[in-house]
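work-v8.txt follows (compact mmCIF, C-alpha atoms):
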```txt
# COMPACT_ATOMS: atom_id res chain seq x y z
CA PHE A 1 -16.54 -5.22 9.21
CA ILE A 2 -14.65 -8.05 7.45
CA LYS A 3 -17.60 -9.68 5.66
CA PRO A 4 -18.61 -6.64 3.55
CA ILE A 5 -14.98 -6.10 2.51
CA SER A 6 -14.60 -9.78 1.55
CA THR A 7 -17.84 -9.65 -0.42
CA LEU A 8 -16.72 -6.50 -2.23
CA ILE A 9 -13.35 -8.04 -3.10
CA SER A 10 -15.07 -11.15 -4.52
CA ALA A 11 -17.57 -9.09 -6.50
CA LEU A 12 -14.85 -6.88 -8.01
CA ILE A 13 -12.74 -9.88 -8.99
CA LEU A 14 -15.68 -11.62 -10.69
CA PHE A 15 -16.70 -8.34 -12.30
CA ASN A 16 -13.21 -7.88 -13.66
CA HIS A 17 -12.45 -11.47 -14.67
CA PRO A 18 -14.97 -13.68 -16.44
CA ALA A 19 -14.80 -17.36 -15.50
CA HIS A 20 -12.65 -18.39 -18.47
CA ALA A 21 -10.17 -15.60 -17.77
CA LEU A 22 -9.41 -16.94 -14.30
CA LEU A 23 -7.72 -20.00 -15.79
CA PRO A 24 -3.93 -19.82 -15.42
CA ILE A 25 -3.27 -20.38 -19.14
CA VAL A 26 -1.34 -18.30 -21.61
CA ARG A 27 -1.53 -19.68 -25.12
CA SER A 28 -2.44 -18.38 -28.51
CA LYS A 29 -4.56 -21.48 -29.05
CA SER A 30 -6.81 -23.48 -26.75
CA ALA A 31 -5.15 -25.70 -24.14
CA SER A 32 -6.13 -28.90 -22.39
CA ILE A 33 -5.92 -29.27 -18.63
CA ASN A 34 -6.85 -32.55 -16.98
CA GLY A 35 -8.42 -33.67 -20.24
CA ILE A 36 -10.72 -30.66 -20.48
CA GLN A 37 -10.37 -28.31 -23.40
CA ARG A 38 -10.12 -24.68 -22.26
CA PRO A 39 -9.98 -21.48 -24.28
CA GLY A 40 -6.61 -19.78 -24.22
CA ILE A 41 -5.91 -16.18 -23.36
CA LYS A 42 -3.76 -13.95 -25.50
CA LEU A 43 -2.43 -11.00 -23.58
CA PRO A 44 -1.00 -7.96 -25.38
CA TRP A 45 2.05 -7.70 -23.12
CA VAL A 46 3.00 -11.38 -23.49
CA LYS A 47 4.87 -12.96 -26.38
CA VAL A 48 3.57 -16.51 -26.38
CA PRO A 49 6.56 -18.89 -26.34
CA THR A 50 6.95 -22.64 -26.38
CA THR A 51 5.66 -23.52 -22.92
CA THR A 52 6.71 -25.89 -20.20
CA HIS A 53 4.01 -27.49 -18.08
CA ASN A 54 4.66 -27.45 -14.34
CA ARG A 55 3.14 -29.32 -11.41
CA ASP A 56 0.51 -26.66 -10.78
CA ASN A 57 -0.97 -27.02 -14.29
CA ARG A 58 0.38 -23.62 -15.23
CA PHE A 59 2.46 -22.71 -18.22
CA LEU A 60 5.80 -21.08 -17.52
CA LEU A 61 7.01 -18.37 -19.84
CA THR A 62 10.35 -19.70 -20.97
CA ASN A 63 11.36 -16.77 -23.12
CA THR A 64 11.93 -14.39 -20.21
CA PRO A 65 15.38 -12.79 -20.00
CA SER A 66 17.14 -15.52 -18.04
CA HIS A 67 15.10 -18.64 -17.48
CA ILE A 68 17.99 -20.97 -16.69
CA GLN A 69 17.90 -24.69 -15.85
CA SER A 70 20.65 -25.75 -13.45
CA LYS A 71 21.12 -29.07 -11.61
CA GLY A 72 17.49 -30.02 -12.03
CA THR A 73 16.20 -26.79 -10.52
CA THR A 74 14.89 -23.62 -12.07
CA SER A 75 16.83 -20.43 -11.47
CA LEU A 76 14.66 -17.49 -12.31
CA LYS A 77 15.85 -14.01 -13.09
CA SER A 78 12.42 -12.48 -13.54
CA SER A 79 10.33 -15.36 -14.84
CA ALA A 80 6.57 -15.15 -14.41
CA ILE A 81 3.30 -16.76 -15.26
CA ALA A 82 1.20 -14.37 -17.30
CA VAL A 83 -1.70 -13.40 -15.08
CA LEU A 84 -4.63 -11.10 -15.64
CA PRO A 85 -4.12 -8.30 -13.13
CA PRO A 86 -7.04 -6.23 -11.88
CA SER A 87 -8.18 -3.92 -14.64
CA ILE A 88 -8.19 -0.16 -14.42
CA LYS A 89 -11.97 -0.32 -14.10
CA ALA A 90 -11.82 -2.72 -11.15
CA ILE A 91 -9.07 -0.74 -9.40
CA THR A 92 -11.03 2.47 -9.89
CA LEU A 93 -14.16 0.96 -8.35
CA ALA A 94 -12.17 -0.62 -5.52
CA CYS A 95 -10.77 2.79 -4.59
CA LEU A 96 -13.91 4.80 -5.28
CA PHE A 97 -16.42 2.81 -3.22
CA PRO A 98 -14.62 3.20 0.15
CA THR A 99 -13.88 6.88 -0.55
CA LEU A 100 -17.60 7.58 -0.93
CA SER A 101 -17.65 7.42 2.87
CA GLY A 102 -16.21 10.93 2.66
CA TYR A 103 -19.71 12.14 1.82
CA TYR A 104 -20.88 10.85 5.21
CA LYS A 105 -17.90 12.04 7.27
CA SER A 106 -15.22 14.04 5.52
CA GLU A 107 -12.48 12.55 7.69
CA TYR A 108 -13.44 9.01 6.63
CA GLY A 109 -12.36 9.82 3.08
CA VAL A 110 -8.73 10.09 4.19
CA SER A 111 -8.73 7.47 6.95
CA TYR A 112 -10.86 4.35 6.54
CA ALA A 113 -11.11 4.87 2.79
CA TYR A 114 -7.32 5.05 2.58
CA GLY A 115 -6.68 1.74 4.32
CA THR A 116 -9.66 -0.08 2.82
CA SER A 117 -8.88 0.91 -0.77
CA ILE A 118 -5.27 -0.27 -0.52
CA ALA A 119 -6.32 -3.53 1.16
CA ILE A 120 -8.99 -4.31 -1.46
CA VAL A 121 -6.67 -3.78 -4.42
CA ALA A 122 -3.97 -5.85 -2.70
CA GLY A 123 -6.51 -8.63 -2.19
CA MET A 124 -7.45 -8.51 -5.86
CA VAL A 125 -3.79 -8.74 -6.85
CA LEU A 126 -3.20 -11.69 -4.53
CA SER A 127 -6.23 -13.42 -6.03
CA ALA A 128 -4.94 -12.81 -9.57
CA ILE A 129 -1.55 -14.26 -8.64
CA GLY A 130 -3.14 -17.33 -7.12
CA GLY A 131 -3.30 -16.53 -3.45
CA TRP A 132 -0.78 -16.77 -0.66
CA THR A 133 1.73 -19.64 -0.63
CA LEU A 134 3.36 -19.88 2.78
CA SER A 135 6.11 -22.25 1.68
CA THR A 136 7.44 -20.31 -1.31
CA PRO A 137 5.89 -16.85 -1.60
CA SER A 138 6.95 -14.92 -4.68
CA ILE A 139 8.17 -11.34 -4.88
CA ALA A 140 4.76 -10.30 -6.19
CA THR A 141 2.98 -12.10 -3.34
CA MET A 142 5.12 -10.44 -0.67
CA HIS A 143 4.66 -7.04 -2.33
CA ALA A 144 0.87 -7.30 -2.39
CA ALA A 145 0.85 -8.77 1.13
CA ALA A 146 2.83 -5.77 2.42
CA LEU A 147 0.20 -3.36 1.11
CA MET A 148 -2.65 -5.55 2.37
CA PHE A 149 -1.02 -5.63 5.81
CA TYR A 150 -0.71 -1.85 5.75
CA GLY A 151 -4.35 -1.29 4.76
CA VAL A 152 -5.88 -3.77 7.22
CA ARG A 153 -3.62 -2.65 10.06
CA LEU A 154 -4.48 1.00 9.45
CA ASP A 155 -8.23 0.32 9.49
CA ILE A 156 -7.95 -1.63 12.76
CA PHE A 157 -5.93 1.17 14.34
CA LEU A 158 -8.36 3.84 13.17
CA LEU A 159 -11.32 1.87 14.49
CA TYR A 160 -9.66 1.45 17.89
CA ARG A 161 -8.78 5.15 18.00
CA GLU A 162 -12.31 6.23 17.14
CA LEU A 163 -14.00 3.88 19.59
CA CYS A 164 -11.63 4.29 22.53
CA ILE A 165 -10.21 7.82 22.38
CA PRO A 166 -12.77 10.67 22.71
CA ARG A 167 -10.25 13.25 21.47
CA PHE A 168 -10.24 11.71 18.01
CA ARG A 169 -14.03 11.61 17.81
CA GLU A 170 -14.02 15.31 18.66
CA MET A 171 -11.39 15.93 15.98
CA ARG A 172 -13.53 14.06 13.43
CA GLU A 173 -16.50 16.27 14.24
CA ARG A 174 -14.41 19.45 13.97
CA ILE A 175 -13.25 18.35 10.53
CA GLU A 176 -16.85 17.62 9.59
CA GLU A 177 -18.01 21.05 10.71
CA ARG A 178 -15.32 22.74 8.63
CA ALA A 179 -16.31 20.63 5.63
CA LYS A 180 -19.97 21.62 6.04
CA SER A 181 -19.05 25.29 6.26
CA ARG A 182 -17.58 25.13 2.75
CA GLY A 183 -20.97 24.43 1.16
CA GLY A 184 -23.29 21.59 0.22
CA ARG A 185 -22.32 18.07 1.12
CA TRP A 186 -22.47 16.57 -2.38
CA LEU A 187 -21.15 19.26 -4.71
CA SER A 188 -18.37 20.59 -2.51
CA ARG A 189 -17.02 17.16 -1.54
CA THR A 190 -17.03 15.54 -4.97
CA PRO A 191 -13.59 16.87 -6.04
CA PHE A 192 -12.21 15.73 -2.68
CA VAL A 193 -13.69 12.23 -3.05
CA LEU A 194 -12.53 11.81 -6.64
CA SER A 195 -9.00 13.08 -5.99
CA CYS A 196 -8.56 10.83 -2.95
CA SER A 197 -9.80 7.75 -4.81
CA ALA A 198 -7.44 8.53 -7.71
CA LEU A 199 -4.53 8.88 -5.27
CA TYR A 200 -5.27 5.49 -3.71
CA ALA A 201 -5.48 3.89 -7.14
CA PHE A 202 -2.12 5.37 -8.13
CA MET A 203 -0.58 4.15 -4.86
CA SER A 204 -1.72 0.63 -5.73
CA ALA A 205 -0.10 0.69 -9.17
CA PRO A 206 3.30 -0.79 -8.16
CA MET A 207 1.60 -4.07 -7.30
CA ILE A 208 0.25 -4.32 -10.85
CA VAL A 209 3.79 -4.24 -12.21
CA THR A 210 5.32 -6.84 -9.88
CA CYS A 211 2.31 -9.16 -10.12
CA GLN A 212 2.97 -9.51 -13.86
CA LEU A 213 6.77 -9.62 -13.81
CA ASN A 214 7.75 -11.30 -10.54
CA ASN A 215 4.98 -13.75 -9.66
CA LEU A 216 7.21 -16.85 -9.92
CA VAL A 217 10.43 -15.57 -8.38
CA PRO A 218 10.78 -17.02 -4.84
CA PHE A 219 11.12 -14.18 -2.38
CA PHE A 220 13.23 -16.04 0.18
CA SER A 221 15.86 -17.18 -2.30
CA LEU A 222 19.26 -15.59 -2.76
CA GLU A 223 19.42 -16.63 -6.41
CA GLY A 224 18.78 -14.25 -9.25
CA SER A 225 20.20 -11.27 -11.04
CA VAL A 226 21.17 -8.00 -9.38
CA GLY A 227 17.82 -6.59 -10.48
CA VAL A 228 15.88 -9.45 -8.88
CA LEU A 229 17.84 -9.17 -5.64
CA LEU A 230 17.32 -5.41 -5.59
CA THR A 231 13.59 -5.88 -6.14
CA LYS A 232 13.48 -8.30 -3.20
CA PHE A 233 15.37 -5.83 -1.03
CA LEU A 234 12.96 -3.02 -1.90
CA VAL A 235 9.90 -5.16 -1.16
CA ALA A 236 11.49 -6.18 2.15
CA PHE A 237 12.27 -2.53 2.89
CA SER A 238 8.64 -1.68 2.15
CA TRP A 239 7.62 -4.25 4.78
CA CYS A 240 10.10 -2.67 7.23
CA GLY A 241 8.64 0.77 6.62
CA PHE A 242 5.05 -0.34 7.18
CA LEU A 243 6.05 -2.37 10.26
CA LEU A 244 7.85 0.70 11.64
CA ALA A 245 4.70 2.77 11.14
CA ALA A 246 2.63 0.10 12.89
CA LEU A 247 5.09 -0.08 15.79
CA GLY A 248 5.04 3.70 16.15
CA ASP A 249 1.24 3.85 16.28
CA LEU A 250 1.09 0.92 18.72
CA GLN A 251 3.69 2.28 21.11
CA LYS A 252 2.25 5.78 21.05
CA SER A 253 -1.27 4.49 21.71
CA ILE A 254 -0.17 2.32 24.63
CA GLY A 255 2.00 5.08 26.10
CA LYS A 256 -0.69 7.74 25.95
CA ALA A 257 -3.31 5.32 27.33
CA LYS A 258 -1.08 4.72 30.38
CA LEU A 259 0.46 8.15 30.91
CA GLY A 260 -2.15 10.54 29.48
CA GLU A 261 -2.87 12.25 26.18
CA ASP A 262 -0.61 15.23 26.90
CA VAL A 263 2.53 13.14 27.41
CA VAL A 264 5.21 13.09 24.73
CA ILE A 265 6.44 9.54 24.11
CA THR A 266 10.25 9.52 24.04
CA ASP A 267 11.23 5.91 24.69
CA GLY A 268 11.30 2.79 22.52
CA VAL A 269 11.43 3.56 18.81
CA PHE A 270 10.66 7.21 19.63
CA ARG A 271 14.07 7.45 21.23
CA TRP A 272 15.56 7.69 17.73
CA LEU A 273 12.60 8.77 15.58
CA ARG A 274 10.24 11.52 16.68
CA HIS A 275 7.56 10.52 14.16
CA PRO A 276 8.13 6.82 13.30
CA ASN A 277 4.63 6.34 11.88
CA TYR A 278 5.08 9.02 9.23
CA THR A 279 8.74 8.14 8.59
CA GLY A 280 7.85 4.45 8.21
CA GLU A 281 5.16 5.24 5.66
CA VAL A 282 7.57 7.35 3.61
CA PHE A 283 10.00 4.43 3.56
CA GLY A 284 7.23 1.95 2.71
CA TRP A 285 5.65 3.81 -0.20
CA THR A 286 8.98 4.89 -1.67
CA ALA A 287 10.32 1.32 -1.62
CA SER A 288 7.08 -0.03 -3.10
CA THR A 289 7.33 2.30 -6.10
CA LEU A 290 11.05 1.68 -6.62
CA ALA A 291 10.46 -2.09 -6.53
CA ALA A 292 8.09 -1.76 -9.50
CA LEU A 293 10.59 0.41 -11.37
CA VAL A 294 13.47 -2.03 -10.85
CA ALA A 295 11.29 -4.99 -11.87
CA ALA A 296 10.32 -3.27 -15.12
CA ILE A 297 13.92 -2.33 -15.93
CA ASP A 298 15.25 -5.79 -15.07
CA ASN A 299 12.71 -7.43 -17.39
CA GLY A 300 13.26 -4.97 -20.24
CA ARG A 301 9.64 -3.80 -19.94
CA LEU A 302 10.19 -0.18 -18.94
CA VAL A 303 8.35 1.22 -21.96
CA SER A 304 5.41 -1.18 -21.91
CA PHE A 305 4.83 -0.59 -18.18
CA LEU A 306 5.49 3.14 -18.32
CA PRO A 307 1.84 4.17 -17.66
CA TRP A 308 1.73 2.04 -14.50
CA LEU A 309 5.11 3.37 -13.39
CA LEU A 310 4.03 6.98 -13.94
CA ALA A 311 0.89 6.29 -11.89
CA SER A 312 3.08 4.73 -9.20
CA PHE A 313 5.32 7.78 -8.95
CA VAL A 314 2.35 10.16 -8.89
CA GLY A 315 0.77 8.11 -6.11
CA SER A 316 3.91 7.91 -3.99
CA ALA A 317 4.69 11.60 -4.54
CA GLY A 318 1.15 12.53 -3.49
CA ILE A 319 1.12 10.52 -0.27
CA ILE A 320 4.69 11.52 0.62
CA PHE A 321 3.76 15.19 0.25
CA VAL A 322 0.84 14.61 2.66
CA LEU A 323 3.15 12.80 5.10
CA LEU A 324 5.74 15.60 4.97
CA MET A 325 3.05 18.16 5.74
CA ALA A 326 1.75 16.04 8.62
CA THR A 327 5.26 15.60 10.06
CA SER A 328 6.01 19.32 9.80
CA THR A 329 2.71 20.28 11.41
CA LEU A 330 3.02 17.82 14.30
CA GLU A 331 6.62 18.85 14.90
CA ALA A 332 5.58 22.51 15.05
CA ARG A 333 2.75 21.77 17.47
CA GLN A 334 5.04 19.82 19.78
CA GLU A 335 7.64 22.55 19.66
CA GLN A 336 5.00 25.14 20.52
CA LYS A 337 3.64 23.08 23.41
CA TYR A 338 6.76 21.50 24.92
CA GLY A 339 9.66 23.55 23.53
CA GLY A 340 11.91 25.05 26.19
CA THR A 341 11.53 22.18 28.64
CA GLU A 342 14.75 20.35 29.42
CA ASP A 343 13.53 16.83 28.65
CA TYR A 344 11.94 17.82 25.36
CA ASP A 345 14.93 19.82 24.12
CA LYS A 346 17.28 16.97 25.04
CA TRP A 347 15.05 14.50 23.16
CA VAL A 348 14.96 16.72 20.06
CA LYS A 349 18.76 16.93 19.97
CA SER A 350 19.20 13.14 20.20
CA SER A 351 16.43 12.03 17.78
CA TRP A 352 15.59 12.47 14.10
CA VAL A 353 12.51 14.37 13.04
CA GLY A 354 12.17 12.36 9.84
CA PHE A 355 11.19 13.85 6.50
CA THR A 356 9.58 17.29 6.53
CA LYS A 357 8.72 19.97 4.02
CA GLY A 358 10.21 22.68 6.21
CA LYS A 359 8.98 24.67 9.15
CA ALA A 360 5.20 24.75 9.40
CA THR A 361 3.49 28.14 9.37
CA PRO A 362 1.10 29.20 12.16
CA LYS A 363 -1.82 28.71 9.75
CA GLU A 364 -0.80 25.11 9.09
CA GLU A 365 -0.36 24.48 12.79
CA THR A 366 -4.02 25.28 13.48
CA LYS A 367 -5.38 22.86 10.89
```
Conversion result in structure tokens:
Amino acid sequence: FIKPISTLISALILFNHPAHALLPIVRSKSASINGIQRPGIKLPWVKVPTTTHNRDNRFLLTNTPSHIQSKGTTSLKSSAIAVLPPSIKAITLACLFPTLSGYYKSEYGVSYAYGTSIAIVAGMVLSAIGGWTLSTPSIATMHAAALMFYGVRLDIFLLYRELCIPRFREMRERIEERAKSRGGRWLSRTPFVLSCSALYAFMSAPMIVTCQLNNLVPFFSLEGSVGVLLTKFLVAFSWCGFLLAALGDLQKSIGKAKLGEDVVITDGVFRWLRHPNYTGEVFGWTASTLAALVAAIDNGRLVSFLPWLLASFVGSAGIIFVLLMATSTLEARQEQKYGGTEDYDKWVKSSWVGFTKGKATPKEETK
């Protein structure tokens, strides 16, 4: 399961970045590293300044808004090394390939494809930044790691659910039968596959912004402007949202495995949130998009990054709409099944439903 994904990530990175483009250099002319002459890279969104060479053989952009030297240390407002982020072509392929599984099983296009697409793009972004640094991870690193955690965790959960819970295999087959009833496998599913892959690509867009604007700012530092601190808070809040979703899925799975599939879980995190998995995802994706917006504003790059920001908002709006529908539908089903019982009504009064789009209709409840 892991090896094909790793191979695909490596292939997409090499496909997107030729060997000379992987060098961490930003100069209008060629540069020398360790005595070897290397071609420079001129990026359209970077104004090439006088550079300062650091210990990692990278050139720091010293003309960013507030690159300030103080007491022998560097205090960064939004300083960054210019990196080559994954291209639109690479992101498109990274999101399209997993979503093709929807031709095999329709449900896979919105489950495994969802998690795998996000994880692959996050891996590509981490590779472009320079990988994971445990000692001093940057804002961009933590942002991409949050989305990679979400994607990998979701795939593991879905695999467990499919292998261990017969009810979900039956649900997958019911979805497949409905998909087959709509017509031919290839023609009827193509709009579905393409729209899902586009949604996953748009949801990955916030990482492209922070990986270019915040890849040197230490995440676990309290220094920086209000904009930098707000960006850190939003990335941290994104982590909290995805961790909440993971905790909700874990607790619900363990509870139902012990007590039975028809039991409503009302303890733990469910004591306060009736649908923590959906609520956590809403928090996570909203914070991810806002982090990109704040980073662009703080760096004075709102206009130049506007296409990526628009894609980010479309992606978050799309997935949040799906999550609101899912919350409303599940809430209606639970109300229909358990409403009127003393324990359930007491739980509903003392907990929060989360974000919904309103009361689900009977038609929606049967989907």
Take every atom of stretch 303-320 of chain A listed in the file, fit an axis-aligned box around them, add 6 Å per side, and give the centre and edge lengths in Å to one decimal as AutoDock Vina command-line options.
```
--center_x 4.6 --center_y 5.7 --center_z -10.7 --size_x 19.6 --size_y 25.7 --size_z 34.6
```
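Across the structure, atom CA of A:Val264 and atom CA of A:Ile320 are spaced 24.2 Å apart.
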In Å and to one decimal, atom CA of A:Ala198 is distant from atom CA of A:Gly130 by 26.2 Å
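Note that atom CA of A:Lys180 and atom CA of A:Val152 are 29.1 Å apart.
With all atoms listed in the file as the basis for measurement, A:Phe149 is the residue among A:Trp272, A:Phe168, A:Tyr104, A:Phe149 that approaches A:Cys240 most closely.
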Rank nothing, just name the residue among A:Arg161, A:Arg174, A:Val110, A:Leu222 nearest to A:Tyr200, using all atoms listed in the file. A:Val110
Residue among A:Ala146, A:Leu159, A:Ile265, A:Val209 lying closest to A:Tyr338, counting only C-alpha atoms: A:Ile265
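Proximity of A:Ala90, A:Leu147, A:Ala82, A:Ala179 to A:Lys105, computed with all atoms listed in the file, is greatest for A:Ala179.
Around A:Asp343, within 12 Å and counting only C-alpha atoms, the residues found are Val263, Val264, Ile265, Thr266, Asp267, Arg271, Lys349 and Ser350 of chain A, once anything fewer than 6 positions away on its own chain is removed.
Minimum distance to A:Leu234 across A:Leu306, A:Leu290, A:Phe192, A:Lys252 (counting all atoms listed in the file) occurs at A:Leu290.
The smallest atom-to-atom distance between A:Lys359 and any of A:Glu281, A:Glu170, A:Glu335, A:Asp345, using all atoms listed in the file, is found for A:Glu335.
Residues in contact with A:Leu199 at 12 Å, where all atoms listed in the file are counted and same-chain residues fewer than 6 positions away are skipped, are listed as A:Ile91, A:Thr92, A:Cys95, A:Leu96, A:Thr99, A:Gly109, A:Val110, A:Ala113, A:Tyr114, A:Ser117, A:Ile118, A:Phe192, A:Val193, A:Ala205, A:Ala311, A:Ser312, A:Phe313, A:Val314, A:Gly315, A:Ser316, A:Ala317, A:Gly318, A:Ile319, A:Ile320, A:Phe321, A:Val322.
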Atoms to include: C-alpha atoms. Write the selected residues as a tab-separated table (two decimals), in the coordinates of the input.
```tsv
chain	number	residue	atom	x	y	z
A	91	ILE	CA	-9.07	-0.74	-9.40
A	92	THR	CA	-11.03	2.47	-9.89
A	95	CYS	CA	-10.77	2.79	-4.59
A	96	LEU	CA	-13.91	4.80	-5.28
A	99	THR	CA	-13.88	6.88	-0.55
A	109	GLY	CA	-12.36	9.82	3.08
A	110	VAL	CA	-8.73	10.09	4.19
A	113	ALA	CA	-11.11	4.87	2.79
A	114	TYR	CA	-7.32	5.05	2.58
A	117	SER	CA	-8.88	0.91	-0.77
A	118	ILE	CA	-5.27	-0.27	-0.52
A	192	PHE	CA	-12.21	15.73	-2.68
A	193	VAL	CA	-13.69	12.23	-3.05
A	205	ALA	CA	-0.10	0.69	-9.17
A	311	ALA	CA	0.89	6.29	-11.89
A	312	SER	CA	3.08	4.73	-9.20
A	313	PHE	CA	5.32	7.78	-8.95
A	314	VAL	CA	2.35	10.16	-8.89
A	315	GLY	CA	0.77	8.11	-6.11
A	316	SER	CA	3.91	7.91	-3.99
A	317	ALA	CA	4.69	11.60	-4.54
A	318	GLY	CA	1.15	12.53	-3.49
A	319	ILE	CA	1.12	10.52	-0.27
A	320	ILE	CA	4.69	11.52	0.62
A	321	PHE	CA	3.76	15.19	0.25
A	322	VAL	CA	0.84	14.61	2.66
```
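If you count only C-alpha atoms and ignore residues fewer than 6 places along the chain from A:Val353, what sits within 10 Å of it is Phe270, Trp272, Leu273, Arg274, His275, Pro276, Tyr278, Thr279, Thr327, Ser328 and Glu331 of chain A.
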